[in-house]
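To start, the structure under review is shown below, and the notes come after it.
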Amino acid sequence: MICTVTPISNSKQVENYYTRDDYYSRDAKPNDFWQGKLADKFDLNQKSVQKNHFAALIQLADERAKDENKKPTLGVDITFSCPKSVSILQAVSPEYRKIVNRCLAETTDELIALIEQKFIRTRRGHEGKILEYTQNILAASVNHEVNRNDELDRHTHIFIPNLTQTKDGKLLTIDIKFLMQQQKLFGAIARSKLASKLQREGIKLEFDNPNKGVYRVKGISRELEEHFSQRTADIIRSQKFLGNNNAATAQLATMLTRKAKNHKVDLDKVFADTFDFLKKSDVEIHRQNKIFPADTKIKKQIFSDVLAELELKNFSFSRSDIIQKVLNAGLNAQIQLNDVQKFINQSKRIRRTTDKNGNKVFISVANEKCEQDLLKLLQLGNGNGKFIDSKTADRLLEKIVAEKNYTPNQEQVTAVLTSLTSKNSYVATQGLARVDKKIA
């Protein structure tokens, strides 16, 4: 599942987006309802999503932002888009449609509960330096079946008004930036939950890219996914025309190719047309008995392999880094968030510390020992080395550069000349991760 976390910060934008176009409430199904611990406070618990709810909540969030002298951020839209093959699976039969609905509903409910329990906080005190995790929100969960090209594209919007209640009963705004920073983590958690639930139902999956958590329903080919992904193709073509492959261009391409949402789409016809195409393509989905998770030994090995990869590339890494990579690598084994948390807490290969910015991170015990040994070696070599004068060092570097037909950058030149002219036996040079260190 792909996750996007989008702040809603303009009153007019919210009014147009949620009220005039009725983007959420027009598509609301009977199972689209308000959730979260704040639902009782606003008398919305388990009530279906209605457009008049948005207007009242938006106004209240706007007032709270102004009271706190903040630029109004009226809420956040967390959107989870399931794999294209899962959307297509719904058209195979009514039975599969029920399975997808059930798996996605469970996934969404669990995600909302997790976000509310672990990621909702507000800032208090001078300059907002005091963080309080409140563990309560109001959330509207709304499902959409199609994209703007009227193709099956199952995705769920979770709209969270910018309101949370503190322990002393005050309604304050949410730390939206913190939620935005969790976008990749939320996506990894959602993918693992949905994959596990589909496998529980006997839906066999194929895994393309463990690093990114890409998977598809077995029997629905990549070619079929692309056939029913003309919206994506339009965006890619537009991005190529714009000439840059980055997030900003992708966003612009998305807007340039965006069609008005068709609120009168005949969903039954979309399912029927998709079914007919799948039948002509001889698509068969063989459901089997429940696919059970791998045993703990296999899960631990996946966790160990991911740690080894992290240790090679980074000296320190966040808990989120570990969780994302393990969940993506462990989709077939059905590794879940609780598994990763347990493995992290039990691991003797990493330890928790704080970086220079005050962020909580993990470091590899082996890498830490290697660094300590290196520092001892550098101390032993102080003043004991052979060196050459700066003019000779310059000539040697010029000769090598000419022979190799290579132009080093200034940082590389400084590193080489420092090494050649140092009076120490050992010289260490620190470089940025994933940057080529070669100069010849």
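Going by the structure tokens order, chains are called A, B, ..., each with residues numbered from 1, while ligands are numbered from 1 in the order shown.
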
Would you mind listing, for every residue of region 329-386 of chain A within 12 Å of region 278-291 of chain A, the two atoms forming the shortest contact and the distance between them in Å to one decimal, using only C-alpha atoms, sorted by chain and ascending residue number, as JSON lines?
{"residue": "A:Asn332", "atom": "CA", "partner": "A:Ile291", "partner_atom": "CA", "distance": 9.8}
{"residue": "A:Ala333", "atom": "CA", "partner": "A:Ile291", "partner_atom": "CA", "distance": 9.8}
{"residue": "A:Gln334", "atom": "CA", "partner": "A:Ile291", "partner_atom": "CA", "distance": 9.4}

Would you return as a JSON list (two decimals) with N, CA, C and O atoms, in the first residue's frame the members of region 5-241 of chain A that DSSP assigns to alpha helix (DSSP H) on this structure's backbone?
[["chain", "number", "residue", "atom", "x", "y", "z"],
["A", 11, "SER", "N", -8.66, 27.32, 4.70],
["A", 11, "SER", "CA", -10.09, 27.19, 4.97],
["A", 11, "SER", "C", -10.89, 27.05, 3.69],
["A", 11, "SER", "O", -11.81, 26.24, 3.59],
["A", 12, "LYS", "N", -10.55, 27.85, 2.68],
["A", 12, "LYS", "CA", -11.27, 27.80, 1.41],
["A", 12, "LYS", "C", -11.04, 26.46, 0.72],
["A", 12, "LYS", "O", -11.95, 25.87, 0.14],
["A", 13, "GLN", "N", -9.80, 25.99, 0.81],
["A", 13, "GLN", "CA", -9.46, 24.70, 0.23],
["A", 13, "GLN", "C", -10.30, 23.60, 0.86],
["A", 13, "GLN", "O", -10.84, 22.74, 0.17],
["A", 14, "VAL", "N", -10.40, 23.64, 2.18],
["A", 14, "VAL", "CA", -11.18, 22.62, 2.88],
["A", 14, "VAL", "C", -12.65, 22.72, 2.50],
["A", 14, "VAL", "O", -13.32, 21.72, 2.23],
["A", 51, "LYS", "N", -21.48, 15.58, 5.36],
["A", 51, "LYS", "CA", -20.75, 16.79, 5.01],
["A", 51, "LYS", "C", -20.91, 17.89, 6.06],
["A", 51, "LYS", "O", -20.00, 18.71, 6.24],
["A", 52, "ASN", "N", -22.02, 17.92, 6.77],
["A", 52, "ASN", "CA", -22.20, 18.97, 7.78],
["A", 52, "ASN", "C", -21.23, 18.80, 8.96],
["A", 52, "ASN", "O", -20.90, 19.76, 9.65],
["A", 53, "HIS", "N", -20.77, 17.56, 9.18],
["A", 53, "HIS", "CA", -19.79, 17.32, 10.24],
["A", 53, "HIS", "C", -18.49, 18.06, 9.93],
["A", 53, "HIS", "O", -17.87, 18.64, 10.82],
["A", 54, "PHE", "N", -18.08, 18.04, 8.65],
["A", 54, "PHE", "CA", -16.82, 18.66, 8.27],
["A", 54, "PHE", "C", -16.83, 20.15, 8.57],
["A", 54, "PHE", "O", -15.87, 20.70, 9.10],
["A", 55, "ALA", "N", -17.92, 20.82, 8.20],
["A", 55, "ALA", "CA", -17.99, 22.27, 8.38],
["A", 55, "ALA", "C", -17.80, 22.66, 9.84],
["A", 55, "ALA", "O", -17.03, 23.58, 10.17],
["A", 56, "ALA", "N", -18.47, 21.93, 10.75],
["A", 56, "ALA", "CA", -18.37, 22.24, 12.18],
["A", 56, "ALA", "C", -16.97, 21.95, 12.72],
["A", 56, "ALA", "O", -16.40, 22.76, 13.46],
["A", 57, "LEU", "N", -16.40, 20.83, 12.33],
["A", 57, "LEU", "CA", -15.08, 20.45, 12.82],
["A", 57, "LEU", "C", -13.98, 21.35, 12.25],
["A", 57, "LEU", "O", -13.03, 21.71, 12.95],
["A", 58, "ILE", "N", -14.13, 21.73, 10.99],
["A", 58, "ILE", "CA", -13.16, 22.63, 10.37],
["A", 58, "ILE", "C", -13.15, 23.98, 11.08],
["A", 58, "ILE", "O", -12.10, 24.56, 11.35],
["A", 59, "GLN", "N", -14.34, 24.47, 11.38],
["A", 59, "GLN", "CA", -14.44, 25.76, 12.07],
["A", 59, "GLN", "C", -13.79, 25.70, 13.44],
["A", 59, "GLN", "O", -13.05, 26.61, 13.85],
["A", 60, "LEU", "N", -14.02, 24.61, 14.16],
["A", 60, "LEU", "CA", -13.45, 24.46, 15.50],
["A", 60, "LEU", "C", -11.93, 24.35, 15.43],
["A", 60, "LEU", "O", -11.21, 24.98, 16.22],
["A", 61, "ALA", "N", -11.41, 23.57, 14.46],
["A", 61, "ALA", "CA", -9.96, 23.43, 14.30],
["A", 61, "ALA", "C", -9.33, 24.77, 13.94],
["A", 61, "ALA", "O", -8.24, 25.12, 14.42],
["A", 62, "ASP", "N", -10.02, 25.56, 13.12],
["A", 62, "ASP", "CA", -9.54, 26.88, 12.73],
["A", 62, "ASP", "C", -9.44, 27.79, 13.95],
["A", 62, "ASP", "O", -8.46, 28.52, 14.15],
["A", 63, "GLU", "N", -10.46, 27.73, 14.81],
["A", 63, "GLU", "CA", -10.47, 28.56, 16.03],
["A", 63, "GLU", "C", -9.32, 28.17, 16.96],
["A", 63, "GLU", "O", -8.65, 29.03, 17.54],
["A", 64, "ARG", "N", -9.07, 26.86, 17.10],
["A", 64, "ARG", "CA", -8.01, 26.42, 18.00],
["A", 64, "ARG", "C", -6.64, 26.87, 17.47],
["A", 64, "ARG", "O", -5.77, 27.27, 18.23],
["A", 65, "ALA", "N", -6.44, 26.79, 16.17],
["A", 65, "ALA", "CA", -5.17, 27.22, 15.59],
["A", 65, "ALA", "C", -4.94, 28.72, 15.83],
["A", 65, "ALA", "O", -3.83, 29.15, 16.17],
["A", 66, "LYS", "N", -5.99, 29.51, 15.69],
["A", 66, "LYS", "CA", -5.87, 30.95, 15.91],
["A", 66, "LYS", "C", -5.61, 31.26, 17.38],
["A", 66, "LYS", "O", -4.83, 32.15, 17.71],
["A", 67, "ASP", "N", -6.25, 30.50, 18.27],
["A", 67, "ASP", "CA", -6.02, 30.69, 19.71],
["A", 67, "ASP", "C", -4.56, 30.42, 20.07],
["A", 67, "ASP", "O", -4.02, 31.03, 20.99],
["A", 84, "LYS", "N", -2.54, -2.38, -6.98],
["A", 84, "LYS", "CA", -3.50, -2.41, -8.09],
["A", 84, "LYS", "C", -4.12, -3.79, -8.25],
["A", 84, "LYS", "O", -5.32, -3.92, -8.53],
["A", 85, "SER", "N", -3.34, -4.85, -8.06],
["A", 85, "SER", "CA", -3.87, -6.21, -8.24],
["A", 85, "SER", "C", -4.97, -6.51, -7.23],
["A", 85, "SER", "O", -5.90, -7.28, -7.53],
["A", 86, "VAL", "N", -4.90, -5.91, -6.05],
["A", 86, "VAL", "CA", -5.94, -6.13, -5.04],
["A", 86, "VAL", "C", -7.23, -5.44, -5.48],
["A", 86, "VAL", "O", -8.33, -5.97, -5.29],
["A", 87, "SER", "N", -7.10, -4.25, -6.07],
["A", 87, "SER", "CA", -8.28, -3.56, -6.62],
["A", 87, "SER", "C", -8.92, -4.41, -7.71],
["A", 87, "SER", "O", -10.15, -4.58, -7.76],
["A", 88, "ILE", "N", -8.07, -4.97, -8.60],
["A", 88, "ILE", "CA", -8.58, -5.78, -9.71],
["A", 88, "ILE", "C", -9.23, -7.06, -9.19],
["A", 88, "ILE", "O", -10.24, -7.54, -9.73],
["A", 89, "LEU", "N", -8.68, -7.63, -8.12],
["A", 89, "LEU", "CA", -9.20, -8.87, -7.54],
["A", 89, "LEU", "C", -10.68, -8.75, -7.21],
["A", 89, "LEU", "O", -11.43, -9.73, -7.30],
["A", 94, "PRO", "N", -17.91, -11.82, -6.58],
["A", 94, "PRO", "CA", -18.43, -11.19, -5.35],
["A", 94, "PRO", "C", -17.74, -11.69, -4.10],
["A", 94, "PRO", "O", -17.58, -10.95, -3.13],
["A", 95, "GLU", "N", -17.32, -12.97, -4.11],
["A", 95, "GLU", "CA", -16.63, -13.54, -2.95],
["A", 95, "GLU", "C", -15.32, -12.80, -2.69],
["A", 95, "GLU", "O", -15.02, -12.42, -1.55],
["A", 96, "TYR", "N", -14.55, -12.56, -3.75],
["A", 96, "TYR", "CA", -13.28, -11.86, -3.59],
["A", 96, "TYR", "C", -13.52, -10.40, -3.19],
["A", 96, "TYR", "O", -12.71, -9.82, -2.46],
["A", 97, "ARG", "N", -14.60, -9.83, -3.67],
["A", 97, "ARG", "CA", -14.92, -8.45, -3.28],
["A", 97, "ARG", "C", -15.16, -8.36, -1.77],
["A", 97, "ARG", "O", -14.71, -7.45, -1.09],
["A", 98, "LYS", "N", -15.87, -9.36, -1.23],
["A", 98, "LYS", "CA", -16.11, -9.38, 0.21],
["A", 98, "LYS", "C", -14.81, -9.56, 0.99],
["A", 98, "LYS", "O", -14.61, -8.94, 2.04],
["A", 99, "ILE", "N", -13.93, -10.40, 0.45],
["A", 99, "ILE", "CA", -12.64, -10.63, 1.11],
["A", 99, "ILE", "C", -11.83, -9.34, 1.17],
["A", 99, "ILE", "O", -11.27, -8.98, 2.21],
["A", 100, "VAL", "N", -11.73, -8.64, 0.03],
["A", 100, "VAL", "CA", -10.98, -7.39, -0.02],
["A", 100, "VAL", "C", -11.58, -6.37, 0.93],
["A", 100, "VAL", "O", -10.87, -5.69, 1.68],
["A", 101, "ASN", "N", -12.92, -6.25, 0.92],
["A", 101, "ASN", "CA", -13.58, -5.31, 1.82],
["A", 101, "ASN", "C", -13.26, -5.61, 3.27],
["A", 101, "ASN", "O", -12.97, -4.71, 4.06],
["A", 102, "ARG", "N", -13.30, -6.89, 3.62],
["A", 102, "ARG", "CA", -13.05, -7.29, 5.00],
["A", 102, "ARG", "C", -11.61, -7.00, 5.40],
["A", 102, "ARG", "O", -11.35, -6.44, 6.47],
["A", 103, "CYS", "N", -10.66, -7.36, 4.53],
["A", 103, "CYS", "CA", -9.24, -7.16, 4.85],
["A", 103, "CYS", "C", -8.91, -5.67, 4.96],
["A", 103, "CYS", "O", -8.16, -5.26, 5.87],
["A", 104, "LEU", "N", -9.44, -4.86, 4.06],
["A", 104, "LEU", "CA", -9.15, -3.43, 4.09],
["A", 104, "LEU", "C", -9.81, -2.74, 5.28],
["A", 104, "LEU", "O", -9.23, -1.84, 5.88],
["A", 105, "ALA", "N", -11.03, -3.17, 5.62],
["A", 105, "ALA", "CA", -11.71, -2.58, 6.78],
["A", 105, "ALA", "C", -10.92, -2.87, 8.06],
["A", 105, "ALA", "O", -10.72, -1.97, 8.89],
["A", 106, "GLU", "N", -10.45, -4.10, 8.21],
["A", 106, "GLU", "CA", -9.66, -4.45, 9.39],
["A", 106, "GLU", "C", -8.35, -3.68, 9.43],
["A", 106, "GLU", "O", -7.93, -3.18, 10.48],
["A", 107, "THR", "N", -7.70, -3.58, 8.26],
["A", 107, "THR", "CA", -6.43, -2.85, 8.18],
["A", 107, "THR", "C", -6.63, -1.39, 8.57],
["A", 107, "THR", "O", -5.84, -0.83, 9.35],
["A", 108, "THR", "N", -7.66, -0.76, 8.03],
["A", 108, "THR", "CA", -7.93, 0.66, 8.32],
["A", 108, "THR", "C", -8.20, 0.89, 9.79],
["A", 108, "THR", "O", -7.65, 1.81, 10.40],
["A", 109, "ASP", "N", -9.05, 0.05, 10.38],
["A", 109, "ASP", "CA", -9.38, 0.20, 11.80],
["A", 109, "ASP", "C", -8.13, 0.07, 12.67],
["A", 109, "ASP", "O", -7.93, 0.84, 13.62],
["A", 110, "GLU", "N", -7.28, -0.90, 12.35],
["A", 110, "GLU", "CA", -6.05, -1.11, 13.12],
["A", 110, "GLU", "C", -5.07, 0.05, 12.95],
["A", 110, "GLU", "O", -4.39, 0.45, 13.90],
["A", 111, "LEU", "N", -5.02, 0.61, 11.74],
["A", 111, "LEU", "CA", -4.13, 1.75, 11.50],
["A", 111, "LEU", "C", -4.57, 2.98, 12.28],
["A", 111, "LEU", "O", -3.76, 3.69, 12.87],
["A", 112, "ILE", "N", -5.87, 3.24, 12.27],
["A", 112, "ILE", "CA", -6.39, 4.40, 13.01],
["A", 112, "ILE", "C", -6.09, 4.24, 14.49],
["A", 112, "ILE", "O", -5.63, 5.18, 15.16],
["A", 113, "ALA", "N", -6.31, 3.04, 15.02],
["A", 113, "ALA", "CA", -6.04, 2.78, 16.44],
["A", 113, "ALA", "C", -4.56, 2.96, 16.75],
["A", 113, "ALA", "O", -4.19, 3.53, 17.79],
["A", 114, "LEU", "N", -3.69, 2.49, 15.84],
["A", 114, "LEU", "CA", -2.24, 2.62, 16.05],
["A", 114, "LEU", "C", -1.80, 4.08, 16.01],
["A", 114, "LEU", "O", -1.03, 4.53, 16.87],
["A", 115, "ILE", "N", -2.29, 4.81, 15.02],
["A", 115, "ILE", "CA", -1.93, 6.24, 14.90],
["A", 115, "ILE", "C", -2.39, 6.99, 16.15],
["A", 115, "ILE", "O", -1.65, 7.81, 16.70],
["A", 116, "GLU", "N", -3.60, 6.70, 16.59],
["A", 116, "GLU", "CA", -4.13, 7.37, 17.77],
["A", 116, "GLU", "C", -3.32, 7.03, 19.02],
["A", 116, "GLU", "O", -3.02, 7.90, 19.85],
["A", 117, "GLN", "N", -2.90, 5.79, 19.16],
["A", 117, "GLN", "CA", -2.21, 5.33, 20.36],
["A", 117, "GLN", "C", -0.76, 5.77, 20.42],
["A", 117, "GLN", "O", -0.25, 6.12, 21.49],
["A", 118, "LYS", "N", -0.07, 5.81, 19.26],
["A", 118, "LYS", "CA", 1.38, 6.00, 19.26],
["A", 118, "LYS", "C", 1.87, 7.31, 18.63],
["A", 118, "LYS", "O", 3.00, 7.73, 18.92],
["A", 176, "ILE", "N", 1.12, 18.12, 13.36],
["A", 176, "ILE", "CA", 0.92, 17.56, 12.02],
["A", 176, "ILE", "C", 2.25, 17.20, 11.36],
["A", 176, "ILE", "O", 2.36, 16.19, 10.66],
["A", 177, "LYS", "N", 3.29, 18.01, 11.57],
["A", 177, "LYS", "CA", 4.59, 17.73, 10.95],
["A", 177, "LYS", "C", 5.12, 16.36, 11.38],
["A", 177, "LYS", "O", 5.73, 15.65, 10.58],
["A", 178, "PHE", "N", 4.87, 16.01, 12.63],
["A", 178, "PHE", "CA", 5.31, 14.72, 13.13],
["A", 178, "PHE", "C", 4.60, 13.59, 12.38],
["A", 178, "PHE", "O", 5.22, 12.58, 12.03],
["A", 179, "LEU", "N", 3.31, 13.76, 12.11],
["A", 179, "LEU", "CA", 2.57, 12.76, 11.34],
["A", 179, "LEU", "C", 3.12, 12.64, 9.93],
["A", 179, "LEU", "O", 3.25, 11.53, 9.38],
["A", 180, "MET", "N", 3.46, 13.77, 9.32],
["A", 180, "MET", "CA", 4.00, 13.76, 7.96],
["A", 180, "MET", "C", 5.32, 13.00, 7.89],
["A", 180, "MET", "O", 5.61, 12.33, 6.89],
["A", 183, "GLN", "N", 5.20, 9.08, 7.14],
["A", 183, "GLN", "CA", 4.53, 8.62, 5.93],
["A", 183, "GLN", "C", 5.03, 7.26, 5.46],
["A", 183, "GLN", "O", 4.24, 6.34, 5.21],
["A", 184, "LYS", "N", 6.35, 7.09, 5.35],
["A", 184, "LYS", "CA", 6.90, 5.82, 4.88],
["A", 184, "LYS", "C", 6.64, 4.70, 5.88],
["A", 184, "LYS", "O", 6.38, 3.55, 5.50],
["A", 185, "LEU", "N", 6.71, 5.04, 7.16],
["A", 185, "LEU", "CA", 6.45, 4.03, 8.19],
["A", 185, "LEU", "C", 4.99, 3.57, 8.13],
["A", 185, "LEU", "O", 4.72, 2.36, 8.16],
["A", 186, "PHE", "N", 4.06, 4.52, 8.01],
["A", 186, "PHE", "CA", 2.64, 4.15, 7.91],
["A", 186, "PHE", "C", 2.42, 3.25, 6.69],
["A", 186, "PHE", "O", 1.65, 2.28, 6.76],
["A", 187, "GLY", "N", 3.06, 3.57, 5.58],
["A", 187, "GLY", "CA", 2.91, 2.76, 4.38],
["A", 187, "GLY", "C", 3.40, 1.34, 4.57],
["A", 187, "GLY", "O", 2.74, 0.38, 4.16],
["A", 188, "ALA", "N", 4.56, 1.20, 5.22],
["A", 188, "ALA", "CA", 5.12, -0.14, 5.47],
["A", 188, "ALA", "C", 4.21, -0.95, 6.38],
["A", 188, "ALA", "O", 4.00, -2.15, 6.16],
["A", 189, "ILE", "N", 3.68, -0.31, 7.42],
["A", 189, "ILE", "CA", 2.79, -1.01, 8.36],
["A", 189, "ILE", "C", 1.52, -1.45, 7.64],
["A", 189, "ILE", "O", 1.04, -2.57, 7.82],
["A", 190, "ALA", "N", 0.95, -0.55, 6.82],
["A", 190, "ALA", "CA", -0.28, -0.88, 6.10],
["A", 190, "ALA", "C", -0.06, -2.04, 5.13],
["A", 190, "ALA", "O", -0.89, -2.95, 5.03],
["A", 191, "ARG", "N", 1.07, -2.02, 4.41],
["A", 191, "ARG", "CA", 1.35, -3.11, 3.46],
["A", 191, "ARG", "C", 1.45, -4.45, 4.17],
["A", 191, "ARG", "O", 0.93, -5.47, 3.70],
["A", 192, "SER", "N", 2.14, -4.45, 5.33],
["A", 192, "SER", "CA", 2.33, -5.72, 6.04],
["A", 192, "SER", "C", 1.00, -6.24, 6.59],
["A", 192, "SER", "O", 0.73, -7.44, 6.54],
["A", 193, "LYS", "N", 0.17, -5.33, 7.09],
["A", 193, "LYS", "CA", -1.13, -5.76, 7.63],
["A", 193, "LYS", "C", -2.02, -6.33, 6.53],
["A", 193, "LYS", "O", -2.62, -7.41, 6.69],
["A", 194, "LEU", "N", -2.10, -5.62, 5.40],
["A", 194, "LEU", "CA", -2.98, -6.08, 4.33],
["A", 194, "LEU", "C", -2.48, -7.39, 3.74],
["A", 194, "LEU", "O", -3.26, -8.31, 3.50],
["A", 195, "ALA", "N", -1.16, -7.50, 3.52],
["A", 195, "ALA", "CA", -0.61, -8.73, 2.96],
["A", 195, "ALA", "C", -0.91, -9.92, 3.86],
["A", 195, "ALA", "O", -1.29, -11.01, 3.39],
["A", 196, "SER", "N", -0.75, -9.74, 5.15],
["A", 196, "SER", "CA", -1.00, -10.83, 6.10],
["A", 196, "SER", "C", -2.46, -11.24, 6.10],
["A", 196, "SER", "O", -2.79, -12.43, 6.12],
["A", 197, "LYS", "N", -3.36, -10.26, 6.04],
["A", 197, "LYS", "CA", -4.80, -10.57, 6.07],
["A", 197, "LYS", "C", -5.23, -11.26, 4.78],
["A", 197, "LYS", "O", -6.08, -12.17, 4.81],
["A", 198, "LEU", "N", -4.68, -10.85, 3.64],
["A", 198, "LEU", "CA", -5.00, -11.52, 2.38],
["A", 198, "LEU", "C", -4.52, -12.97, 2.40],
["A", 198, "LEU", "O", -5.24, -13.89, 1.96],
["A", 199, "GLN", "N", -3.31, -13.19, 2.90],
["A", 199, "GLN", "CA", -2.78, -14.55, 2.99],
["A", 199, "GLN", "C", -3.59, -15.40, 3.97],
["A", 199, "GLN", "O", -3.77, -16.60, 3.77],
["A", 200, "ARG", "N", -4.07, -14.76, 5.02],
["A", 200, "ARG", "CA", -4.95, -15.47, 5.97],
["A", 200, "ARG", "C", -6.20, -15.99, 5.26],
["A", 200, "ARG", "O", -6.74, -17.04, 5.60],
["A", 222, "ARG", "N", 1.75, -8.27, -14.11],
["A", 222, "ARG", "CA", 2.15, -6.87, -14.17],
["A", 222, "ARG", "C", 1.51, -6.17, -15.38],
["A", 222, "ARG", "O", 1.13, -5.02, -15.32],
["A", 223, "GLU", "N", 1.37, -6.93, -16.49],
["A", 223, "GLU", "CA", 0.75, -6.37, -17.69],
["A", 223, "GLU", "C", -0.71, -5.99, -17.43],
["A", 223, "GLU", "O", -1.18, -4.95, -17.91],
["A", 224, "LEU", "N", -1.41, -6.83, -16.68],
["A", 224, "LEU", "CA", -2.80, -6.51, -16.34],
["A", 224, "LEU", "C", -2.87, -5.28, -15.44],
["A", 224, "LEU", "O", -3.75, -4.43, -15.60],
["A", 225, "GLU", "N", -1.96, -5.21, -14.49],
["A", 225, "GLU", "CA", -1.92, -4.03, -13.62],
["A", 225, "GLU", "C", -1.72, -2.77, -14.44],
["A", 225, "GLU", "O", -2.39, -1.75, -14.21],
["A", 226, "GLU", "N", -0.80, -2.82, -15.40],
["A", 226, "GLU", "CA", -0.53, -1.65, -16.23],
["A", 226, "GLU", "C", -1.73, -1.30, -17.11],
["A", 226, "GLU", "O", -2.01, -0.12, -17.35],
["A", 227, "HIS", "N", -2.45, -2.33, -17.61],
["A", 227, "HIS", "CA", -3.62, -2.08, -18.44],
["A", 227, "HIS", "C", -4.68, -1.29, -17.68],
["A", 227, "HIS", "O", -5.34, -0.41, -18.26],
["A", 230, "GLN", "N", -4.11, 3.40, -16.37],
["A", 230, "GLN", "CA", -3.90, 4.49, -17.32],
["A", 230, "GLN", "C", -3.71, 5.83, -16.63],
["A", 230, "GLN", "O", -3.04, 6.72, -17.14],
["A", 231, "ARG", "N", -4.29, 5.98, -15.46],
["A", 231, "ARG", "CA", -4.10, 7.21, -14.69],
["A", 231, "ARG", "C", -2.61, 7.38, -14.34],
["A", 231, "ARG", "O", -2.04, 8.46, -14.51],
["A", 232, "THR", "N", -2.00, 6.30, -13.87],
["A", 232, "THR", "CA", -0.57, 6.32, -13.55],
["A", 232, "THR", "C", 0.25, 6.60, -14.81],
["A", 232, "THR", "O", 1.22, 7.36, -14.79],
["A", 233, "ALA", "N", -0.14, 5.97, -15.93],
["A", 233, "ALA", "CA", 0.59, 6.17, -17.18],
["A", 233, "ALA", "C", 0.53, 7.62, -17.62],
["A", 233, "ALA", "O", 1.52, 8.18, -18.12],
["A", 234, "ASP", "N", -0.63, 8.26, -17.45],
["A", 234, "ASP", "CA", -0.77, 9.68, -17.80],
["A", 234, "ASP", "C", 0.20, 10.55, -16.99],
["A", 234, "ASP", "O", 0.84, 11.46, -17.52],
["A", 235, "ILE", "N", 0.32, 10.25, -15.70],
["A", 235, "ILE", "CA", 1.21, 11.02, -14.82],
["A", 235, "ILE", "C", 2.66, 10.82, -15.24],
["A", 235, "ILE", "O", 3.44, 11.79, -15.32],
["A", 236, "ILE", "N", 3.05, 9.57, -15.54],
["A", 236, "ILE", "CA", 4.43, 9.28, -15.93],
["A", 236, "ILE", "C", 4.78, 9.99, -17.23],
["A", 236, "ILE", "O", 5.86, 10.58, -17.36],
["A", 237, "ARG", "N", 3.86, 9.97, -18.21],
["A", 237, "ARG", "CA", 4.10, 10.66, -19.48],
["A", 237, "ARG", "C", 4.27, 12.16, -19.27],
["A", 237, "ARG", "O", 5.15, 12.79, -19.86],
["A", 238, "SER", "N", 3.41, 12.72, -18.42],
["A", 238, "SER", "CA", 3.49, 14.15, -18.15],
["A", 238, "SER", "C", 4.80, 14.50, -17.45],
["A", 238, "SER", "O", 5.44, 15.51, -17.77],
["A", 239, "GLN", "N", 5.23, 13.64, -16.52],
["A", 239, "GLN", "CA", 6.49, 13.89, -15.81],
["A", 239, "GLN", "C", 7.68, 13.83, -16.76],
["A", 239, "GLN", "O", 8.61, 14.64, -16.66],
["A", 240, "LYS", "N", 7.66, 12.88, -17.70],
["A", 240, "LYS", "CA", 8.74, 12.80, -18.69],
["A", 240, "LYS", "C", 8.78, 14.05, -19.55],
["A", 240, "LYS", "O", 9.84, 14.57, -19.90],
["A", 241, "PHE", "N", 7.61, 14.57, -19.91],
["A", 241, "PHE", "CA", 7.53, 15.79, -20.72],
["A", 241, "PHE", "C", 8.11, 16.97, -19.96],
["A", 241, "PHE", "O", 8.78, 17.83, -20.54]]

Task: Atom pair CA of His126 (chain A) / CA of Thr166 (chain A): separation (Å) - done: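 One can read the CA of His126 (chain A) to CA of Thr166 (chain A) distance as 16.5 Å.
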
TODO: Assign secondary structure with DSSP using the backbone only, and return the residues of region 50-240 of chain A in strand (DSSP E or B) as number ranges by chain.
DONE: A: 75-81, 121-124, 130-133, 139-146, 152-161, 164-165, 171-172, 205-209, 214-217

Task: Among the residues A:Gly36, A:Gly385, A:Gly219, A:Pro161, the one that comes closest to Glu206 (chain A) [using only C-alpha atoms] - done: A:Gly219

Open item on the list: Using only C-alpha atoms, can you tell me which of A:Gln372, A:Gln90, A:Thr354, A:Gln324 comes closest to Val146 (chain A)?
Closed with: A:Gln90

TODO: Please provide as a PyMOL selection string all residues within 9 Å of region 293-308 of chain A, with the sequence filter that same-chain residues fewer than 3 positions apart are discarded (counting only C-alpha atoms).
DONE: chain A and resi 196+199-200+311-313+322+325-327+329-330+332-335+339-340+343-344+349-350+364

Task: Computed interatomic separation between CA of Cys370 (chain A) and CA of Glu411 (chain A) (Å) - done: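 Between CA of Cys370 (chain A) and CA of Glu411 (chain A) the gap is 24.2 Å.
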
- [ ] Report the distance between CA of Ser422 (chain A) and CA of Lys369 (chain A) in Å, rounded to one decimal place.
- [x]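 Taking CA of Ser422 (chain A) and CA of Lys369 (chain A), their separation equals 25.2 Å.
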
Open item on the list: Between A:Lys41, A:Glu145, A:Phe292, A:Ala272, which residue has the minimum interatomic distance to Glu201 (chain A), considering only C-alpha atoms?
Closed with: A:Phe292

TODO: Point out the residue among A:Thr429, A:Gln35, A:Gln181, A:Glu398 with the least atom-to-atom distance to Asp321 (chain A), counting only C-alpha atoms.
DONE: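 Going through A:Thr429, A:Gln35, A:Gln181, A:Glu398 one by one, the smallest distance to Asp321 (chain A) is for A:Gln181.
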
Task: Selected residue, from A:Ile323, A:Ala39, A:Cys3, A:Ile8, that lies nearest to Thr79 (chain A) when counting only C-alpha atoms - done: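 For Thr79 (chain A), the nearest of the candidates is A:Cys3.
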
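Using only C-alpha atoms for every distance, the candidate list A:Gln412, A:Thr134, A:Gln379, A:Ser390 yields A:Gln379 as the residue closest to Val427 (chain A).
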
Task: Contacts of Asn359 (chain A) within 12 Å, only C-alpha atoms, excl. fewer than 3 positions in-chain, as a ChimeraX atom specification - done: /A:316-319,352-356,362
